[in-house]
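**Student:** Got a structure for you, written out below as structure tokens; questions coming shortly.
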4 protein chains.
Amino acid sequence: MKTAAEYLSKLRSMRPNVYSHGELADRDDPCLLPELNTLSTTYDLAADPQHEAIMTAVSHISGKRINRFTHVNQTPDDLLKKQEMVRLCSQRVGGCILRCMGIDAVNALSVVTREMDDALGTEYYPRFLKYLEYFQENDITGNCAQTDVKGDRKLRPHEQPDPDLYLRVVEKRKDGIIVRGAKAHNSVGPHAEEIIVLPTRALAKEEGDWAVAFAVPGDAEGVVQLCVPKGFRERRHLKAPLAQFGGADSLTVFDNVFVPWDRVFMCGEWQYGGRLALLFALYHRHSYTGCKPGIMDVLMGLVSLVADYSGLADAQHIKHKLADMAAVAELVYGAGIAGGVKGKRSSSGTCIPDVVYCNAGRYHAGMNIYRAFETLVDVAGGIAATLPYEEEFLDQRTRPYAEKYIMRRKGVSAENQHRCFRMVNDLAGSAFTANKLIAGLHGGGSPIMEKIAILANYDLEARKKLAKALAGIVD
Amino acid sequence: MKTAAEYLSKLRSMRPNVYSHGELADRDDPCLLPELNTLSTTYDLAADPQHEAIMTAVSHISGKRINRFTHVNQTPDDLLKKQEMVRLCSQRVGGCILRCMGIDAVNALSVVTREMDDALGTEYYPRFLKYLEYFQENDITGNCAQTDVKGDRKLRPHEQPDPDLYLRVVEKRKDGIIVRGAKAHNSVGPHAEEIIVLPTRALAKEEGDWAVAFAVPGDAEGVVQLCVPKGFRERRHLKAPLAQFGGADSLTVFDNVFVPWDRVFMCGEWQYGGRLALLFALYHRHSYTGCKPGIMDVLMGLVSLVADYSGLADAQHIKHKLADMAAVAELVYGAGIAGGVKGKRSSSGTCIPDVVYCNAGRYHAGMNIYRAFETLVDVAGGIAATLPYEEEFLDQRTRPYAEKYIMRRKGVSAENQHRCFRMVNDLAGSAFTANKLIAGLHGGGSPIMEKIAILANYDLEARKKLAKALAGIVD
Amino acid sequence: MKTAAEYLSKLRSMRPNVYSHGELADRDDPCLLPELNTLSTTYDLAADPQHEAIMTAVSHISGKRINRFTHVNQTPDDLLKKQEMVRLCSQRVGGCILRCMGIDAVNALSVVTREMDDALGTEYYPRFLKYLEYFQENDITGNCAQTDVKGDRKLRPHEQPDPDLYLRVVEKRKDGIIVRGAKAHNSVGPHAEEIIVLPTRALAKEEGDWAVAFAVPGDAEGVVQLCVPKGFRERRHLKAPLAQFGGADSLTVFDNVFVPWDRVFMCGEWQYGGRLALLFALYHRHSYTGCKPGIMDVLMGLVSLVADYSGLADAQHIKHKLADMAAVAELVYGAGIAGGVKGKRSSSGTCIPDVVYCNAGRYHAGMNIYRAFETLVDVAGGIAATLPYEEEFLDQRTRPYAEKYIMRRKGVSAENQHRCFRMVNDLAGSAFTANKLIAGLHGGGSPIMEKIAILANYDLEARKKLAKALAGIVD
Amino acid sequence: MKTAAEYLSKLRSMRPNVYSHGELADRDDPCLLPELNTLSTTYDLAADPQHEAIMTAVSHISGKRINRFTHVNQTPDDLLKKQEMVRLCSQRVGGCILRCMGIDAVNALSVVTREMDDALGTEYYPRFLKYLEYFQENDITGNCAQTDVKGDRKLRPHEQPDPDLYLRVVEKRKDGIIVRGAKAHNSVGPHAEEIIVLPTRALAKEEGDWAVAFAVPGDAEGVVQLCVPKGFRERRHLKAPLAQFGGADSLTVFDNVFVPWDRVFMCGEWQYGGRLALLFALYHRHSYTGCKPGIMDVLMGLVSLVADYSGLADAQHIKHKLADMAAVAELVYGAGIAGGVKGKRSSSGTCIPDVVYCNAGRYHAGMNIYRAFETLVDVAGGIAATLPYEEEFLDQRTRPYAEKYIMRRKGVSAENQHRCFRMVNDLAGSAFTANKLIAGLHGGGSPIMEKIAILANYDLEARKKLAKALAGIVD
């Protein structure tokens, strides 16, 4: 397993291809550090013996102990542990741990490459296994570039005026393929050693060129990232762990990128486009049943802290709000557990979590994300937005005022009151807040996508039969 | 195991003590048949080889195969099967299966009697085991008389002007005890072979007289039931399985009832009053994670059927409503699965489901019960309330009109359209509807009770620590 | 103006054509009394000098003082008074006052008959005015038969296998027209002296036969009503005003009914079908902004009473629920006020309330009706469903128990506790409850219909321009 | 009336006392320009003849035409126009217009100063009128410093360890008073020519020192502002009106500030503390019934634009979301209209809007603010958070990619697509978003405060009587 330091030096060795704010940024550029710090946590925690059982696994191909973020789930217990790992990591960084992207894509490929081989006689699965060996051996952080920019939403991929609005194969060569297009909303973009590209939707017969899945290094020739980093306001003096964590989202452009065949996992099998797209979504929604409760844990802790520091530790109305948050968190986590327990093995041996439970869990999380932040603001009050800047707490002309008027419950120092409400301000009153809301709604698939997934996998006919039987209807 | 017929003859042999509508009613009085039919289903299904794995279990005390409704859960798997059984039964009767009451009380007693013995040196557990043997051997249907009438809600039991407003021990004798009071909302009342009485709340030191748990036959001397039966409008001609199922709720009065010591399971141990009350609630809420999804299955089936018969099988807005219902059903069921999987064995060996998941599941069900019926009405329209009476479909003066104007989608007969909307009318437009809503909200504990239970078992301090760590707060 | 007694004798003089429960029922049949009592209230209140300003108006055609339930609104103030009248009446009967049906239809006709004459040169408006004179002179109670049974929901009127599934003209004669079809959900059916028939939807060119509006006496030849009466459980001894009020819904069949030309207000003008349908809906939704708050007033009063009688008059959580109910009631009523204030006069001089406000108000009421009853049940508890029957409070064998265990707060007699919870049981635990929920959702148009009406009348383009201007977009 | 230019030069003449980011900032410092631009709009619009009827009024004391933002409402029509003005202004700046603060405080003072004089024989009202003359004559922009920092939330003002945690009089002198304390969340702080200070809550007898109201220039000696400016990300090239508007919130510290008696409007009359606090809140909530619909107008326009540009102009699910937004906007606006129409004149002649309607309107707005932004994000998708920076659209290395992949519906240029989604990013994905959410929830009083106001002014007893009458309960 790799250390965080080794991960960093790997990133430093990569070709610069990340643009942000008009600059070609190094992967350890200050504006990209928040995401880097978040991802490094996954290496640090795996190295901590206390968390070994959760953070590591034994590879089913090599038998070696690996970071669980590179593991292909073999059993329901693997799924339960994955969920637990994600919750732990989210609690540590106070947000998305990011690294699920790559491994969820890998899990999806581990199922579908085999299914294609079984059905079509292709040879993707052995190729995939070789790639997996590399992925595990090098403790790779990958991302998943799935969502196309999509152009006119009413038109299918092949109907777009510009066919590149969905990423596609523009040339097949003896040694590999050339692809063109762009994938949006790619978190981990700048810090992905490997970018794993999957189709974004079900495809029609005439859309074989868009049925493509592959992996390329994050700095492959022709890959250009337009990146929007996400982090909290930088602290001058009042350092805090939370403040150092963040993310980054790239619009990843593939400008005639060459992919050698041993890294191509689908090329033309349009019938499997939707299957692969949905399987990644499924693994990723399963991940959400871990991270959303983890983030709720932090929010609930902060609400409790605010209440405590304000002299309201016993206020019934706050307790009831906390109970509501807990109910959301545990319904989501419970759905993930059910999704894991009811997981089934695919032909490749990979364990697939239950579709309905994972989607119901992700759906519930998505439907309640705005409300969760609303509750924090509700309890914390306007100071979430109006807390004077850190500088006012430092400058000696204003510090006496800032510290005098931040005081609340006796026994809590001005610095701790400040720290508490600075965290409120970061989580609820910053640009990153807006981002967290948006990611909480759309990340891993918007609520509407989960409804569609539930409907597609729910046996309504069986339920109609129940109703008919009770009504005495004989067809 | 008993048959439904044996159950009926046992009921017929009991002393009449059930009043309804000013009459002293037999236990198979027509107005009480709907509940009887529902309960009989639990005997019929257990006798059906197809359902043996779910409907029966092996007794941990006798080693014999028993109806699972008399089983004390030993493992998480028992809890999962219990949940599955309840869903199955609810699907069959289109509503509450009722028989959980007694077995959930028995499970709670199996834990607390042992805990009292361990801590206080009492001898309740052996006494309980003997009673359990009788309960399993005779395949008993019991109920749980828990909720006191409570009088002034601001006063504690011992502060009430009339101390009987919470049931209490009024005399301790050599051979047993005398109790007085009344328990409200007792479903299964008239058809309970055994009434199991538990405390309704946590008790204070001066409330030892109210700390009492025991079992008496449903027709014991001094027991008087004021009963409100629940069923659908009687069908003249258009018989349907649904229409024959129902329930009944008794206000069970204990007018100086004598209970021999071998049926007394708590008497004065006020410290365990709350524990026993909450444990029954917990088992019962676990049951709800099975029955509410079962009822939702029927409602979803009926919504689908209405859509189909109206020519709207493909309507997107109805599909999305169905997806919402499915999400509620499976979040509740998923929470129950998590509650079972995370179950822990108590000192007596009984497996206790996880408090937080079961309460979160029951809470979500309760918060969405009105909405579920609202959806049915939303899709079915005003006919849920205005469908002409069955007689208008029978009388030859009106039949041609009734049958002409009930027609919707081509290919569905007038009778089937009628059957479908008669079921809608039963489920959404009848007195039983109102009852189902109320029971769905309050049965097994109102949403506020689940919030309290979650808060009492949720480690908010640990979450506060997470927040402090991220904020950089060192105490 | 007519008295309630005169109204009754008019009803007694009508030809029996109302079927219910397989019987041809008199209009003062016991099962129909609840609706009759409700409607009579509109005569009694108008005769009460205390309410003259609200309950009566001055006819713009005759200059005479008339019952406001026969008035055509001339000014915004008329609309405000109409709303106030409806709230007053609803408070008095604890539910729908029913008589809006007819007058709302009359108001819609007063606008559209003139508009057709203006545009098409027809002569409906003078005909209408003559009918209005009769309507006002005789203080008529009418209903509005609008909603067709509609058959296959995917097909238009002229596409139905049976063309009668939407009511239509089957023959035009020199002296009048012959119509056939059926109208559903007709409250006031049995007690309507006049049935006013309007189209239910927008119509296409080929649907001229379905573009028909007219009035016939409630007992006209060929009119057959299949009626479902609605009322509370009959009281034996514990008489209470609430218990005597109710309603009735007819499926009104028109079996080749002849309508003379002076009672025909649209016949073939398909272009105005939707206009007339929507205008009735608009007036009726305006009425809802009066009645829903009136019903909420009763529910809030009952919740307060339950809290008071239970010793919880000061409970914060109940107060907050009441505040939520008040907010709903007054948002709806406030929308109605805005709808009245912003009312505009049509070409006939009739004042039309604002479409958006009335629809927003009705929408909000419909979206919250289930929640309102849920709150009552939430506060009242399981007794809403399990209160022993009145007979158990009368029979001397059970009366001591019933009265002993109903007691709550000191100082409130057993009878009053009983009366309070009997009312809870009536409003929240009866068949009429289910009906009130359904009517509250669908009556006057389901929430989806109000959304459609809002969209059709809301200037989104103007708002898009606002956004473009702020974004700096120049087309 | 003043021009925007005159307002600016007035601000430039003021003593610097605003700290932000550790700097003592000029009032036209770049970081403060967004708020300044917003406030200037109120001068520009008043000078526009097209808006004269709405933006100006005739002073009831001078008879001169004045900016309506300095007018004391005399009639319901004034209140309706005020509401209309606020909606207009909010549409223009795409957010809070800010200037209501001061005039709402002035209106509250116009009522309570007179009531105190009437009841206590004080002479505040003449003093106030003189101040009003100055306020109108100079077309003053004021703010309202109301919310104290409040310290321990469980303790009353006089119980706080530090008595200054609620602002108070520390000395009364012959020529005036000395006050000390701090007021939080003061928007308009840096650009208020006058700061109007009011009590924040009801006060007890021993809290006379905290019962104080007065006005001071924004740069009075001893006034120190710790300011947090709010604005959108600065545009390099893609200028747009929206991007230039913003706000600023000060923590306003009063460090032994001297106030001459002619600017003191309450000093010791603790009985009127709550009255004054609530009256300001009432006027301000009335303002909210104008601005929230204005902001919703912009959001609805943007949602429509996004749909249009994405090729989804006809998508039903988006239309229904728009209808929901419209319903919220118009329920809020309708409640404001009702609040105005039902306004009553106080003893000073000032018209007070109805408490219940204004609070119900503000409550509904507050309860739906998070949901409104959620809808925008729901429709716009992840690009709300991940839109590449403006620089990537400018830099020639990345511009071709940015412009190629932003394309959606044919016929909309890349620049317009960019402008549209840049606005989405500003409104939904920025730090200002978080601020708008928080202000939308808490500004003018959190939802809980409106519930309390409704309860305090709602006649529940009358409603209880209705219920008793219907239940047949005679006390």
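Just so we're on the same page: first chain in the structure tokens is A, next is B, and so on; residues restart at 1 for each chain, and ligands are numbered from 1 in the order they show up.
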With the cut-off set at 12 Å and counting only C-alpha atoms, tabulate each residue of chain A with an atom at most that distance from an atom of chain C, showing the nearest atom pair and its distance in Å to one decimal, ordered by chain and increasing number, as a Markdown table.
**Tutor:**
```
| residue | atom | partner | partner_atom | distance |
| --- | --- | --- | --- | --- |
| A:Ala315 | CA | C:Gln316 | CA | 11.9 |
| A:Gln316 | CA | C:His317 | CA | 9.5 |
| A:His317 | CA | C:His317 | CA | 8.6 |
| A:His320 | CA | C:His317 | CA | 10.6 |
```
**Student:** Once you have the residues from the selection above, write them out as a compact mmCIF listing (two decimals), in the first residue's frame, restricted to C-alpha atoms.
**Tutor:**
```txt
# COMPACT_ATOMS: atom_id res chain seq x y z
CA ALA A 315 -33.80 22.87 24.49
CA GLN A 316 -36.50 20.44 23.41
CA HIS A 317 -37.05 21.97 19.99
CA HIS A 320 -36.33 17.19 18.08
```
**Student:** Which residues, written as a list of chain:residue names, have at least one atom at most 7 Å from Val18 (chain B), with only C-alpha atoms counted and residues fewer than 2 positions away on the same chain left out?
**Tutor:**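 Returned residues: B:Pro16, B:Ser20, B:Leu24, B:Ala25, B:Pro190, B:Val224, B:Gln225, B:Leu226, B:Cys227.
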**Student:** For Gly290 (chain A), work out the shell of residues within 7 Å, counting only C-alpha atoms and skipping chain neighbours fewer than 2 positions away, then give it as a short mmCIF file (atom, residue, chain, number, x, y, z; two decimals) with N, CA and C atoms, in the first residue's frame.
**Tutor:**
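Saved file part.cif follows:
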```cif
data_model
loop_
_atom_site.label_atom_id
_atom_site.label_comp_id
_atom_site.auth_asym_id
_atom_site.auth_seq_id
_atom_site.Cartn_x
_atom_site.Cartn_y
_atom_site.Cartn_z
N GLN A 83 -19.20 0.46 3.21
CA GLN A 83 -20.10 1.51 3.70
C GLN A 83 -19.56 2.12 4.99
N GLU A 84 -19.07 1.24 5.86
CA GLU A 84 -18.54 1.70 7.14
C GLU A 84 -17.30 2.58 6.91
N VAL A 86 -16.57 4.36 4.31
CA VAL A 86 -16.93 5.65 3.74
C VAL A 86 -17.46 6.58 4.84
N ARG A 87 -18.27 6.03 5.75
CA ARG A 87 -18.79 6.87 6.84
C ARG A 87 -17.65 7.38 7.71
N SER A 287 -22.18 3.85 -2.01
CA SER A 287 -21.20 4.67 -1.28
C SER A 287 -21.88 5.82 -0.55
N TYR A 288 -22.85 6.44 -1.22
CA TYR A 288 -23.57 7.55 -0.61
C TYR A 288 -24.28 7.15 0.67
N LYS A 292 -23.21 10.12 3.29
CA LYS A 292 -24.22 11.07 3.74
C LYS A 292 -24.45 10.96 5.23
N PRO A 293 -24.59 9.74 5.79
CA PRO A 293 -24.68 9.65 7.26
C PRO A 293 -23.43 10.20 7.95
N GLY A 294 -22.27 10.00 7.33
CA GLY A 294 -21.04 10.54 7.93
C GLY A 294 -21.09 12.06 8.01
N TYR A 333 -28.45 5.09 6.16
CA TYR A 333 -27.44 4.06 6.47
C TYR A 333 -28.09 2.67 6.53
#
```
**Student:** I need the residues of region 287-373 of chain C that end up classed as alpha helix (DSSP H) by DSSP on the backbone, written out as a ChimeraX atom specification.
**Tutor:** /C:287-309,316-341,355-373
**Student:** When you look at region 327-329 of chain B with a cut-off of 12 Å (counting only C-alpha atoms), what residues show up, excluding the ones that are within fewer than 5 positions of it in the same chain? I need them as an MDAnalysis selection string.
**Tutor:** (chainID A and resid 331:332 335 355:365 367 447:448 450:455 457:458) or (chainID B and resid 87 288:300 320:322 334:336 360:369 371:372)
**Student:** Region 35-242 of chain D: which residues are strand (DSSP E) by DSSP, as a ChimeraX atom specification?
**Tutor:** /D:56-58,65-67,142-145,168-172,176-187,194-197,212-217,223-230
**Student:** Mind checking which residues fall within 9 Å of His418 (chain A), counting only C-alpha atoms, ignoring those fewer than 5 positions away in the same chain, and posting them as a PDB file with N, CA and C atoms, in the first residue's frame?
**Tutor:**
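In the end it all went to result-v8.pdb:
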```pdb
ATOM      1  N   LEU A 387     -20.950  36.418  10.858  1.00  0.00           N
ATOM      2  CA  LEU A 387     -19.770  36.359  11.724  1.00  0.00           C
ATOM      3  C   LEU A 387     -18.650  37.214  11.135  1.00  0.00           C
ATOM      4  N   GLU A 390     -12.218  36.570  10.197  1.00  0.00           N
ATOM      5  CA  GLU A 390     -11.165  36.186  11.129  1.00  0.00           C
ATOM      6  C   GLU A 390     -10.263  37.376  11.431  1.00  0.00           C
ATOM      7  N   PHE A 393     -10.989  39.412  14.288  1.00  0.00           N
ATOM      8  CA  PHE A 393     -10.643  38.792  15.575  1.00  0.00           C
ATOM      9  C   PHE A 393      -9.144  38.891  15.854  1.00  0.00           C
ATOM     10  N   GLU A 403     -14.253  39.771  20.445  1.00  0.00           N
ATOM     11  CA  GLU A 403     -14.203  38.741  21.488  1.00  0.00           C
ATOM     12  C   GLU A 403     -15.217  38.992  22.603  1.00  0.00           C
ATOM     13  N   ILE A 406     -18.832  37.907  21.104  1.00  0.00           N
ATOM     14  CA  ILE A 406     -19.037  36.522  20.670  1.00  0.00           C
ATOM     15  C   ILE A 406     -19.424  35.617  21.848  1.00  0.00           C
ATOM     16  N   MET A 407     -19.297  36.146  23.055  1.00  0.00           N
ATOM     17  CA  MET A 407     -19.491  35.307  24.244  1.00  0.00           C
ATOM     18  C   MET A 407     -20.942  34.847  24.393  1.00  0.00           C
ATOM     19  N   SER A 413     -14.700  29.652  26.280  1.00  0.00           N
ATOM     20  CA  SER A 413     -13.832  30.789  25.958  1.00  0.00           C
ATOM     21  C   SER A 413     -14.236  31.445  24.637  1.00  0.00           C
ATOM     22  N   MET A 423     -16.743  27.414  12.208  1.00  0.00           N
ATOM     23  CA  MET A 423     -17.092  26.150  11.537  1.00  0.00           C
ATOM     24  C   MET A 423     -18.517  26.224  10.967  1.00  0.00           C
TER      25      MET A 423
END
```
**Student:** How many Å lie between CA of Thr386 (chain A) and CA of Gly95 (chain A), rounded to one decimal?
**Tutor:**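 So the answer is 23.0 Å.
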**Student:** If you count only C-alpha atoms, which residues fall within 12 Å of Arg92 (chain A), apart from same-chain ones fewer than 4 positions away, as a PDB file with N, CA and C atoms, in the first residue's frame?
**Tutor:**
```pdb
ATOM      1  N   ASN A  37      -5.508  17.091   0.256  1.00  0.00           N
ATOM      2  CA  ASN A  37      -5.560  16.715   1.675  1.00  0.00           C
ATOM      3  C   ASN A  37      -6.648  15.677   1.936  1.00  0.00           C
ATOM      4  N   THR A  38      -7.779  15.879   1.313  1.00  0.00           N
ATOM      5  CA  THR A  38      -8.886  14.938   1.513  1.00  0.00           C
ATOM      6  C   THR A  38      -8.487  13.544   1.037  1.00  0.00           C
ATOM      7  N   LEU A  39      -7.939  13.486  -0.152  1.00  0.00           N
ATOM      8  CA  LEU A  39      -7.583  12.181  -0.703  1.00  0.00           C
ATOM      9  C   LEU A  39      -6.445  11.530   0.083  1.00  0.00           C
ATOM     10  N   SER A  40      -5.512  12.329   0.558  1.00  0.00           N
ATOM     11  CA  SER A  40      -4.403  11.782   1.343  1.00  0.00           C
ATOM     12  C   SER A  40      -4.906  11.076   2.589  1.00  0.00           C
ATOM     13  N   THR A  41      -6.023  11.571   3.118  1.00  0.00           N
ATOM     14  CA  THR A  41      -6.590  10.942   4.312  1.00  0.00           C
ATOM     15  C   THR A  41      -6.865   9.463   4.094  1.00  0.00           C
ATOM     16  N   THR A  42      -7.205   9.096   2.873  1.00  0.00           N
ATOM     17  CA  THR A  42      -7.512   7.684   2.613  1.00  0.00           C
ATOM     18  C   THR A  42      -6.261   6.821   2.704  1.00  0.00           C
ATOM     19  N   ASP A  44      -3.644   7.773   4.762  1.00  0.00           N
ATOM     20  CA  ASP A  44      -3.259   7.836   6.178  1.00  0.00           C
ATOM     21  C   ASP A  44      -4.079   6.881   7.035  1.00  0.00           C
ATOM     22  N   LEU A  45      -5.386   6.888   6.814  1.00  0.00           N
ATOM     23  CA  LEU A  45      -6.246   6.033   7.642  1.00  0.00           C
ATOM     24  C   LEU A  45      -5.967   4.558   7.387  1.00  0.00           C
ATOM     25  N   MET A  85     -16.435   2.124   5.982  1.00  0.00           N
ATOM     26  CA  MET A  85     -15.227   2.890   5.664  1.00  0.00           C
ATOM     27  C   MET A  85     -15.579   4.286   5.169  1.00  0.00           C
ATOM     28  N   VAL A  86     -16.565   4.357   4.311  1.00  0.00           N
ATOM     29  CA  VAL A  86     -16.933   5.651   3.737  1.00  0.00           C
ATOM     30  C   VAL A  86     -17.465   6.580   4.836  1.00  0.00           C
ATOM     31  N   ARG A  87     -18.269   6.032   5.747  1.00  0.00           N
ATOM     32  CA  ARG A  87     -18.790   6.866   6.842  1.00  0.00           C
ATOM     33  C   ARG A  87     -17.648   7.377   7.714  1.00  0.00           C
ATOM     34  N   LEU A  88     -16.730   6.479   8.025  1.00  0.00           N
ATOM     35  CA  LEU A  88     -15.569   6.882   8.832  1.00  0.00           C
ATOM     36  C   LEU A  88     -14.795   8.010   8.156  1.00  0.00           C
ATOM     37  N   CYS A  96     -17.263  14.908   1.626  1.00  0.00           N
ATOM     38  CA  CYS A  96     -17.032  13.834   0.656  1.00  0.00           C
ATOM     39  C   CYS A  96     -15.570  13.386   0.696  1.00  0.00           C
ATOM     40  N   ILE A  97     -15.339  12.076   0.685  1.00  0.00           N
ATOM     41  CA  ILE A  97     -13.971  11.564   0.743  1.00  0.00           C
ATOM     42  C   ILE A  97     -13.391  11.369  -0.668  1.00  0.00           C
ATOM     43  N   PRO A 241      -8.706  21.452  11.464  1.00  0.00           N
ATOM     44  CA  PRO A 241      -8.673  20.377  10.479  1.00  0.00           C
ATOM     45  C   PRO A 241      -9.690  20.576   9.368  1.00  0.00           C
ATOM     46  N   LEU A 242     -10.916  20.909   9.734  1.00  0.00           N
ATOM     47  CA  LEU A 242     -11.957  21.044   8.713  1.00  0.00           C
ATOM     48  C   LEU A 242     -11.507  21.937   7.567  1.00  0.00           C
ATOM     49  N   ALA A 243     -10.873  23.054   7.938  1.00  0.00           N
ATOM     50  CA  ALA A 243     -10.576  24.104   6.967  1.00  0.00           C
ATOM     51  C   ALA A 243      -9.606  23.653   5.885  1.00  0.00           C
ATOM     52  N   GLN A 244      -8.930  22.552   6.110  1.00  0.00           N
ATOM     53  CA  GLN A 244      -7.928  22.153   5.126  1.00  0.00           C
ATOM     54  C   GLN A 244      -8.455  21.154   4.093  1.00  0.00           C
ATOM     55  N   PHE A 245      -9.697  20.708   4.315  1.00  0.00           N
ATOM     56  CA  PHE A 245     -10.230  19.704   3.389  1.00  0.00           C
ATOM     57  C   PHE A 245     -11.140  20.316   2.337  1.00  0.00           C
ATOM     58  N   CYS A 291     -21.477   7.898   3.061  1.00  0.00           N
ATOM     59  CA  CYS A 291     -20.937   9.244   3.275  1.00  0.00           C
ATOM     60  C   CYS A 291     -21.981  10.231   3.768  1.00  0.00           C
ATOM     61  N   GLY A 294     -22.270  10.004   7.326  1.00  0.00           N
ATOM     62  CA  GLY A 294     -21.040  10.538   7.931  1.00  0.00           C
ATOM     63  C   GLY A 294     -21.085  12.059   8.006  1.00  0.00           C
ATOM     64  N   ILE A 295     -21.554  12.664   6.939  1.00  0.00           N
ATOM     65  CA  ILE A 295     -21.661  14.127   6.939  1.00  0.00           C
ATOM     66  C   ILE A 295     -22.741  14.578   7.912  1.00  0.00           C
ATOM     67  N   ASP A 297     -23.454  13.084  10.596  1.00  0.00           N
ATOM     68  CA  ASP A 297     -22.845  12.962  11.924  1.00  0.00           C
ATOM     69  C   ASP A 297     -22.159  14.266  12.313  1.00  0.00           C
ATOM     70  N   VAL A 298     -21.408  14.815  11.358  1.00  0.00           N
ATOM     71  CA  VAL A 298     -20.694  16.063  11.631  1.00  0.00           C
ATOM     72  C   VAL A 298     -21.690  17.210  11.841  1.00  0.00           C
TER      73      VAL A 298
ATOM     74  N   ARG B 463     -20.738  12.507  18.393  1.00  0.00           N
ATOM     75  CA  ARG B 463     -20.814  13.362  17.209  1.00  0.00           C
ATOM     76  C   ARG B 463     -20.337  14.776  17.542  1.00  0.00           C
ATOM     77  N   LYS B 465     -18.034  15.393  19.560  1.00  0.00           N
ATOM     78  CA  LYS B 465     -16.565  15.272  19.542  1.00  0.00           C
ATOM     79  C   LYS B 465     -16.019  15.363  18.125  1.00  0.00           C
ATOM     80  N   LEU B 466     -16.704  14.734  17.174  1.00  0.00           N
ATOM     81  CA  LEU B 466     -16.289  14.839  15.775  1.00  0.00           C
ATOM     82  C   LEU B 466     -16.237  16.304  15.343  1.00  0.00           C
ATOM     83  N   ALA B 467     -17.299  17.028  15.700  1.00  0.00           N
ATOM     84  CA  ALA B 467     -17.364  18.434  15.308  1.00  0.00           C
ATOM     85  C   ALA B 467     -16.251  19.232  15.973  1.00  0.00           C
ATOM     86  N   LYS B 468     -16.032  18.963  17.253  1.00  0.00           N
ATOM     87  CA  LYS B 468     -14.963  19.687  17.958  1.00  0.00           C
ATOM     88  C   LYS B 468     -13.607  19.411  17.329  1.00  0.00           C
ATOM     89  N   ALA B 469     -13.383  18.168  17.008  1.00  0.00           N
ATOM     90  CA  ALA B 469     -12.090  17.821  16.410  1.00  0.00           C
ATOM     91  C   ALA B 469     -11.901  18.581  15.092  1.00  0.00           C
ATOM     92  N   LEU B 470     -12.930  18.610  14.277  1.00  0.00           N
ATOM     93  CA  LEU B 470     -12.811  19.298  12.995  1.00  0.00           C
ATOM     94  C   LEU B 470     -12.663  20.806  13.176  1.00  0.00           C
ATOM     95  N   ALA B 471     -13.294  21.337  14.250  1.00  0.00           N
ATOM     96  CA  ALA B 471     -13.199  22.781  14.505  1.00  0.00           C
ATOM     97  C   ALA B 471     -11.888  23.153  15.183  1.00  0.00           C
TER      98      ALA B 471
END
```
**Student:** I need the residue nearest Asp395 (chain D) from this list: A:Ser310, A:Ala215, A:Thr3, A:Glu23. Use only C-alpha atoms for the distance.
**Tutor:**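 That would be A:Glu23, the residue with the smallest distance to Asp395 (chain D).
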